[in-house]
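**Student:** Handing over query_8.csv, CSV, C-alpha atoms.
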chain,number,residue,atom,x,y,z
A,1,MET,CA,0.0,0.0,0.0
A,2,ALA,CA,1.4,3.4,-1.0
A,3,SER,CA,2.0,6.0,1.6
A,4,ASP,CA,0.1,9.3,1.6
A,5,ARG,CA,3.2,11.1,0.5
A,6,GLU,CA,3.7,8.6,-2.4
A,7,LEU,CA,0.1,9.1,-3.5
A,8,LEU,CA,0.6,12.8,-3.4
A,9,GLU,CA,3.7,12.5,-5.6
A,10,GLY,CA,1.6,10.3,-8.0
A,11,VAL,CA,-1.2,12.9,-8.1
A,12,ALA,CA,1.4,15.6,-8.8
A,13,ALA,CA,2.6,13.5,-11.7
A,14,GLY,CA,-1.0,13.3,-13.0
A,15,SER,CA,-1.9,9.8,-11.9
A,16,GLU,CA,-5.7,9.4,-11.7
A,17,ASP,CA,-5.3,6.1,-9.9
A,18,ALA,CA,-3.2,7.8,-7.2
A,19,PHE,CA,-5.8,10.5,-6.8
A,20,LYS,CA,-8.6,7.9,-6.5
A,21,GLN,CA,-6.7,6.1,-3.7
A,22,LEU,CA,-6.0,9.4,-2.0
A,23,TYR,CA,-9.6,10.4,-2.4
A,24,ASP,CA,-10.8,7.1,-0.9
A,25,ARG,CA,-8.4,7.6,2.0
A,26,PHE,CA,-9.2,11.2,2.8
A,27,ALA,CA,-12.6,12.4,1.5
A,28,GLU,CA,-14.7,11.0,4.4
A,29,ARG,CA,-12.1,12.2,7.0
A,30,VAL,CA,-12.1,15.7,5.4
A,31,TYR,CA,-15.9,15.7,5.5
A,32,ARG,CA,-16.0,14.8,9.2
A,33,TYR,CA,-13.4,17.5,10.0
A,34,ALA,CA,-15.3,20.1,7.9
A,35,PHE,CA,-18.5,19.1,9.8
A,36,THR,CA,-16.8,19.8,13.1
A,37,ILE,CA,-16.3,23.4,11.9
A,38,LEU,CA,-19.5,24.0,9.9
A,39,ARG,CA,-22.0,21.8,11.7
A,40,VAL,CA,-24.0,21.6,8.5
A,41,GLU,CA,-24.0,18.4,6.3
A,42,HIS,CA,-24.3,19.9,2.8
A,43,LEU,CA,-21.6,22.6,3.6
A,44,ALA,CA,-19.2,20.0,4.9
A,45,GLU,CA,-19.8,17.9,1.8
A,46,GLU,CA,-19.0,21.0,-0.3
A,47,VAL,CA,-15.8,21.6,1.6
A,48,ALA,CA,-14.8,18.0,1.2
A,49,GLN,CA,-15.3,18.2,-2.5
A,50,GLU,CA,-13.5,21.5,-2.9
A,51,THR,CA,-10.6,20.3,-0.7
A,52,MET,CA,-10.1,17.2,-2.8
A,53,ILE,CA,-10.2,19.3,-6.0
A,54,ALA,CA,-7.6,21.6,-4.5
A,55,VAL,CA,-5.4,18.5,-3.7
A,56,TRP,CA,-5.7,17.4,-7.3
A,57,LYS,CA,-4.8,20.8,-8.6
A,58,GLY,CA,-2.1,21.6,-6.0
A,59,ALA,CA,-0.4,18.3,-5.3
A,60,SER,CA,2.8,19.6,-7.0
A,61,LYS,CA,2.9,22.4,-4.4
A,62,PHE,CA,3.2,19.9,-1.5
A,63,ALA,CA,6.7,20.7,-0.2
A,64,GLY,CA,6.9,17.7,2.1
A,65,ARG,CA,7.7,19.8,5.2
A,66,SER,CA,4.7,18.1,7.0
A,67,LYS,CA,2.7,15.0,6.8
A,68,ALA,CA,0.4,14.8,3.8
A,69,SER,CA,-2.6,14.6,6.1
A,70,THR,CA,-1.5,17.8,7.8
A,71,TRP,CA,-1.3,19.5,4.4
A,72,ILE,CA,-4.7,18.2,3.4
A,73,PHE,CA,-6.5,19.1,6.6
A,74,GLY,CA,-4.9,22.6,6.4
A,75,ILE,CA,-6.5,22.9,2.9
A,76,ALA,CA,-9.8,21.7,4.4
A,77,ARG,CA,-9.7,24.2,7.2
A,78,ASN,CA,-9.0,27.1,4.8
A,79,GLN,CA,-11.9,25.9,2.5
A,80,ALA,CA,-14.3,25.7,5.5
A,81,TYR,CA,-13.5,29.1,6.8
A,82,SER,CA,-13.6,30.6,3.3
A,83,LEU,CA,-17.1,29.2,3.0
A,84,VAL,CA,-18.1,30.6,6.4
A,85,ARG,CA,-17.0,34.0,5.3
A,86,LYS,CA,-18.8,33.7,2.0
A,87,GLU,CA,-22.0,32.4,3.6
A,88,SER,CA,-21.9,35.1,6.2
A,89,ARG,CA,-21.6,37.8,3.6
A,90,THR,CA,-24.7,36.5,1.9
A,91,GLU,CA,-26.4,36.0,5.3
A,92,ARG,CA,-27.5,32.5,4.5
A,93,VAL,CA,-25.7,30.7,7.3
A,94,PRO,CA,-28.2,28.4,9.0
A,95,ASP,CA,-28.5,28.0,12.7
A,96,VAL,CA,-25.8,25.5,13.0
A,97,SER,CA,-26.6,24.6,16.6
A,98,LEU,CA,-29.8,22.9,15.4
A,99,VAL,CA,-28.4,20.9,12.5
A,100,GLU,CA,-26.9,17.5,13.1
A,101,PRO,CA,-26.4,14.4,10.9
A,102,ASP,CA,-28.8,11.5,11.4
A,103,PRO,CA,-27.4,9.7,14.4
A,104,ALA,CA,-26.5,6.1,13.9
A,105,PRO,CA,-28.1,3.7,16.3
A,106,GLY,CA,-25.8,3.7,19.2
A,107,ILE,CA,-25.2,3.2,22.9
A,108,HIS,CA,-26.4,5.8,25.4
A,109,ARG,CA,-22.8,6.7,26.3
A,110,GLN,CA,-22.0,7.6,22.7
A,111,GLU,CA,-25.0,9.9,22.7
A,112,ARG,CA,-23.8,11.5,25.9
A,113,VAL,CA,-20.4,12.0,24.4
A,114,ALA,CA,-21.8,13.4,21.2
A,115,GLU,CA,-24.0,15.8,23.2
A,116,ALA,CA,-21.0,16.9,25.3
A,117,LEU,CA,-18.9,17.5,22.2
A,118,LYS,CA,-21.6,19.8,20.8
A,119,ARG,CA,-21.3,21.9,23.9
A,120,LEU,CA,-17.6,22.6,23.4
A,121,SER,CA,-16.6,25.8,21.7
A,122,ASP,CA,-15.6,25.5,18.0
A,123,ASP,CA,-11.9,25.9,18.9
A,124,HIS,CA,-12.1,23.1,21.5
A,125,ARG,CA,-14.1,20.8,19.4
A,126,GLU,CA,-11.7,21.2,16.4
A,127,VAL,CA,-8.7,20.3,18.6
A,128,VAL,CA,-10.5,17.3,20.1
A,129,PHE,CA,-11.5,16.1,16.6
A,130,LEU,CA,-8.0,16.4,15.1
A,131,THR,CA,-6.4,14.7,18.2
A,132,PHE,CA,-8.8,11.8,18.8
A,133,TYR,CA,-10.4,11.2,15.5
A,134,GLU,CA,-7.5,11.9,13.2
A,135,GLY,CA,-4.7,11.0,15.6
A,136,LEU,CA,-2.7,14.1,14.8
A,137,SER,CA,0.0,15.4,17.2
A,138,TYR,CA,-0.2,18.7,18.9
A,139,GLY,CA,2.6,20.0,16.6
A,140,GLU,CA,0.6,18.9,13.5
A,141,ILE,CA,-2.6,20.5,14.8
A,142,ALA,CA,-0.6,23.7,15.6
A,143,SER,CA,0.5,23.7,11.9
A,144,ILE,CA,-3.0,23.2,10.6
A,145,LEU,CA,-4.5,25.9,12.8
A,146,ASP,CA,-1.6,28.2,12.5
A,147,ILE,CA,-1.3,28.6,16.3
A,148,PRO,CA,1.4,27.8,18.8
A,149,SER,CA,1.6,24.2,20.2
A,150,GLY,CA,1.0,25.6,23.7
A,151,THR,CA,-2.3,27.0,22.5
A,152,VAL,CA,-3.3,23.5,21.2
A,153,LYS,CA,-2.3,22.0,24.6
A,154,SER,CA,-4.3,24.6,26.5
A,155,ARG,CA,-7.4,24.1,24.3
A,156,MET,CA,-7.1,20.4,24.8
A,157,PHE,CA,-6.8,20.7,28.5
A,158,HIS,CA,-9.9,22.9,28.7
A,159,ALA,CA,-11.8,20.6,26.3
A,160,LYS,CA,-11.0,17.5,28.4
A,161,LYS,CA,-12.0,19.3,31.6
A,162,GLN,CA,-15.4,20.4,30.0
A,163,LEU,CA,-16.0,16.9,28.6
A,164,ALA,CA,-15.2,15.3,32.0
A,165,GLU,CA,-17.7,17.6,33.8
A,166,ALA,CA,-20.4,17.0,31.2
A,167,LEU,CA,-19.9,13.2,31.4
A,168,THR,CA,-19.9,12.8,35.2
What do you get writing this file as structure tokens?

**Tutor:**
Amino acid sequence: MASDRELLEGVAAGSEDAFKQLYDRFAERVYRYAFTILRVEHLAEEVAQETMIAVWKGASKFAGRSKASTWIFGIARNQAYSLVRKESRTERVPDVSLVEPDPAPGIHRQERVAEALKRLSDDHREVVFLTFYEGLSYGEIASILDIPSGTVKSRMFHAKKQLAEALT
């Protein structure tokens, strides 16, 4: 199985097969990340598509100074916040606090965790997602969010504290 970096190199060389593999590996993950920011399904889908198009067009610009996933999630974040700015200018941003994807049948604890995550600030929820759902390091998250690692650690500390309070 090719690494993410190898796939990006293939995409940069114009390989549609490499792009398909990279798309299969990242599209859903990018959607979930965009959803943590936007909290609206169709907007998260739009961001996922735009991100993957940007990866196709810009793969040759990947300098290799970070992991491929860090680069891709950075693109997704920029796409999501560009969409937020665009939507707010046209005043069509829905009340995101009320919009959720259809929950999968699950255990009561999962529902409590999901509810607790919704109560976190956007900054805290984003750090929790990137850490626990994507397995990124604080340094990688700092790079994506363009903030110091100490800020990532602080946000995670406060997020964990809020989650613990909500779940006890």

**Student:** Can you work out which one of A:Trp56, A:Tyr133, A:Phe35, A:Tyr81 has the shortest atom-to-atom distance to A:Asp17, counting all atoms listed in the file?

**Tutor:**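 The closest residue to A:Asp17 is A:Trp56.
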
**Student:** So that I can check the surroundings of A:Phe73, please list as a list in words every protein, DNA and RNA residue that reaches within 10 Å of it, counting only C-alpha atoms and ignoring chain neighbours fewer than 6 positions away.

**Tutor:**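 Near neighbours after the sequence-gap exclusion: Phe26, Arg29, Val30, Tyr33, Ala34, Ala48, Thr51, Gln79, Leu130, Glu134, Glu140, Ile141, Ser143, Ile144 and Leu145 of chain A.
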
**Student:** Save out the residues we just selected, C-alpha atoms, as a compact mmCIF listing (two decimals), in the coordinates of the input.

**Tutor:**
# COMPACT_ATOMS: atom_id res chain seq x y z
CA PHE A 26 -9.20 11.20 2.80
CA ARG A 29 -12.10 12.20 7.00
CA VAL A 30 -12.10 15.70 5.40
CA TYR A 33 -13.40 17.50 10.00
CA ALA A 34 -15.30 20.10 7.90
CA ALA A 48 -14.80 18.00 1.20
CA THR A 51 -10.60 20.30 -0.70
CA GLN A 79 -11.90 25.90 2.50
CA LEU A 130 -8.00 16.40 15.10
CA GLU A 134 -7.50 11.90 13.20
CA GLU A 140 0.60 18.90 13.50
CA ILE A 141 -2.60 20.50 14.80
CA SER A 143 0.50 23.70 11.90
CA ILE A 144 -3.00 23.20 10.60
CA LEU A 145 -4.50 25.90 12.80

**Student:** Quick one, how far is atom CA of A:Leu38 from atom CA of A:Val113?

**Tutor:**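 Taking atom CA of A:Leu38 as the start and atom CA of A:Val113 as the end point, the length is 18.8 Å.
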
**Student:** Hey, which of A:Ser121, A:Ser82, A:Thr36, A:Gln21 ends up closest to A:Met52? Count all atoms listed in the file.

**Tutor:**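 Checking each candidate against A:Met52, we get A:Gln21 as the closest.
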
**Student:** Measure the distance from atom CA of A:Tyr23 to atom CA of A:Ser137 in Å and round it to one decimal.

**Tutor:**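 Between atom CA of A:Tyr23 and atom CA of A:Ser137 the gap is 22.4 Å.
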
**Student:** When you count only C-alpha atoms, which of these residues is closest to A:Tyr138: A:Lys86, A:Lys153, A:Arg125, A:Lys20?

**Tutor:**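 Under the stated criterion, the closest residue is A:Lys153.
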
**Student:** What is the distance, in Å and to one decimal place, between atom CA of A:Ser3 and atom CA of A:Tyr31?

**Tutor:**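 Atom CA of A:Tyr31 lies at a distance of 20.7 Å from atom CA of A:Ser3.
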
**Student:** Name all residues at most 12 Å from A:Glu165 (count all atoms listed in the file; drop same-chain ones fewer than 6 positions away) and give them as an MDAnalysis selection string.

**Tutor:** chainID A and resid 112:113 116:117 119:120 158:159

**Student:** Restricting the calculation to all atoms listed in the file: of A:Arg85, A:Lys67, A:His42, A:Lys160, which residue gets closest to A:Phe132?

**Tutor:** A:Lys160

**Student:** Which of these residues is nearest to A:Glu126, using all atoms listed in the file: A:Arg39, A:Glu46, A:Lys61, A:Ser69?

**Tutor:**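 Using all atoms listed in the file, the shortest distance to A:Glu126 belongs to A:Arg39.
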
**Student:** Check the smallest atom-to-atom distance from each of A:Phe62, A:Ala114, A:Ala68, A:Val47 to A:Phe129 using only C-alpha atoms, then report the winner.

**Tutor:**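 When distances to A:Phe129 are compared using only C-alpha atoms, the smallest one comes from A:Ala114.
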
**Student:** Any idea what's packed within 10 Å of A:Val55, counting all atoms listed in the file, ignoring anything in its chain fewer than 3 positions away? Could you give it as a ChimeraX atom specification?

**Tutor:** /A:8,11-12,19,22-23,49-52,58-62,71-72,75-76
